[in-house]
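> Structure incoming, see below.
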Amino acid sequence: MTNSAVRILIVDDEPPIRKLLRVGLSMQGYAVSEAMNAKVAMELVEQDKPDLVVLDLGLPDMSGHDLLAKWRGEGLALPVIILSSRTDEAGIVKALELGADDYISKPFGMNELVARIRVALRHRLQSQGERPVFQTGDLSVDLVRRIVKVEDREVKLSPKEYDILRVLVQHAGKVLTHRFLLEHAWDELTDVQYLRVYVRQLRQKIEKIPDQPRYILTETGVGYRLQEV
């Protein structure tokens, strides 16, 4: 899919934000439509069939959470990137658990938003199934043979460390909530502190500077993201 074919719907009740997004995304070659509330957003999704939605959580007629839940409940699978305030960690987590693909906090940089859009679109376009070998920077993960290497040096991981890394690799570039990682790396939900301990151990093994991670990034109050470099 090329940028010129991608239609993006902006759902935000603030005209300055809509203008900023319209101008910035149009300059990137995207076709942009706008909705100032949930009612118009639902109409445009039905009529225009956008490829991706940028959704503000604070709409005047319906919360962004409720709108997202409605879409996902109807089986609508189009990517949704949430606009949120930087301090609304609970709102971000709730949106991600409702099925949002990613989020970006206000104020934001256009380059960062475009990068998140590309990741979300790529994930939706990828065929089902895992890439046999994932490579980013000096890190490679062979998902078939369960071999992890850093700079061609094999790294020995515990089964749980590998399970966490595998889930991150499967969703590379996307933020994953603590709950999502716990649900997919453990047989049953456990305390998030265990996840933090294993992530810290994982960083010790795959990061050059564990306290300044290049690959496994912390999304404060939300979860983790495997950065593709």
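Residues are referred to by chain and number: the chain letter is A, B, ... according to the order shown in the structure tokens, the number counts from 1 in that chain, and ligands are numbered separately from 1 in the order shown.
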What's around Lys208 in chain A at 12 Å? Count only C-alpha atoms, leave out sequence neighbours fewer than 3 positions away in its own chain, and write the answer as a compact mmCIF listing (two decimals) with N, CA and C atoms, in the first residue's frame.


```
# COMPACT_ATOMS: atom_id res chain seq x y z
N GLY A 137 18.65 -4.18 14.05
CA GLY A 137 19.96 -3.82 14.57
C GLY A 137 20.85 -5.04 14.70
N ASP A 138 21.46 -5.22 15.86
CA ASP A 138 22.33 -6.37 16.12
C ASP A 138 21.59 -7.56 16.70
N LEU A 139 20.28 -7.40 16.89
CA LEU A 139 19.47 -8.46 17.51
C LEU A 139 18.77 -9.29 16.45
N VAL A 150 22.88 -11.75 19.52
CA VAL A 150 23.26 -10.34 19.53
C VAL A 150 24.66 -10.26 18.95
N GLU A 151 24.80 -9.54 17.82
CA GLU A 151 26.09 -9.44 17.11
C GLU A 151 26.64 -10.83 16.79
N LEU A 202 16.02 -9.72 30.81
CA LEU A 202 16.12 -9.79 29.36
C LEU A 202 17.00 -8.67 28.82
N ARG A 203 16.81 -7.48 29.35
CA ARG A 203 17.64 -6.35 28.92
C ARG A 203 19.11 -6.59 29.26
N GLN A 204 19.36 -7.21 30.38
CA GLN A 204 20.75 -7.50 30.77
C GLN A 204 21.43 -8.39 29.72
N LYS A 205 20.64 -9.20 29.03
CA LYS A 205 21.21 -10.16 28.09
C LYS A 205 21.27 -9.66 26.65
N ASP A 211 20.47 -0.09 31.14
CA ASP A 211 19.75 1.04 31.72
C ASP A 211 19.35 2.07 30.67
N GLN A 212 19.87 1.94 29.45
CA GLN A 212 19.50 2.80 28.33
C GLN A 212 19.12 1.91 27.15
N PRO A 213 18.02 1.18 27.26
CA PRO A 213 17.69 0.15 26.27
C PRO A 213 17.46 0.72 24.88
N ARG A 214 17.93 -0.04 23.91
CA ARG A 214 17.75 0.31 22.51
C ARG A 214 16.58 -0.45 21.91
N TYR A 215 16.32 -1.65 22.40
CA TYR A 215 15.31 -2.52 21.82
C TYR A 215 14.02 -2.54 22.63
N ILE A 216 14.08 -2.94 23.88
CA ILE A 216 12.88 -3.06 24.69
C ILE A 216 12.66 -1.75 25.44
```

> Among the residues of range 183-219 of chain A, find those DSSP assigns to strand (DSSP E) from the backbone and print them as a list in words.

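The strand (DSSP E) subset of range 183-219 of chain A is Ile216, Leu217, Thr218 and Glu219 of chain A.
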
> Which residues are near Glu219 in chain A? Cut-off 10 Å, only C-alpha atoms, ignore same chain within fewer than 2 positions. Put them as a ChimeraX atom specification.

/A:89,175-178,216-217,221-225

> Based on DSSP run over this structure's backbone, return all residues of range 7-214 of chain A in helix (DSSP H, G or I), as number ranges by chain.

A: 15-27, 38-48, 64-73, 89-98, 110-125, 159-170, 178-185, 192-206

> Would you compute the distance between CA of His184 in chain A and CA of Leu98 in chain A? Give it in Å to one decimal.

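Atom-to-atom, CA of His184 in chain A to CA of Leu98 in chain A, that is 16.1 Å.
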
> As an exercise, work out the distance from CA of Arg196 in chain A to CA of Glu183 in chain A in Å and give it to one decimal place.

14.3 Å

> Interatomic distance between CA of Asn37 in chain A and CA of Leu21 in chain A?

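If I compute the distance from CA of Asn37 in chain A to CA of Leu21 in chain A, I get 15.8 Å.
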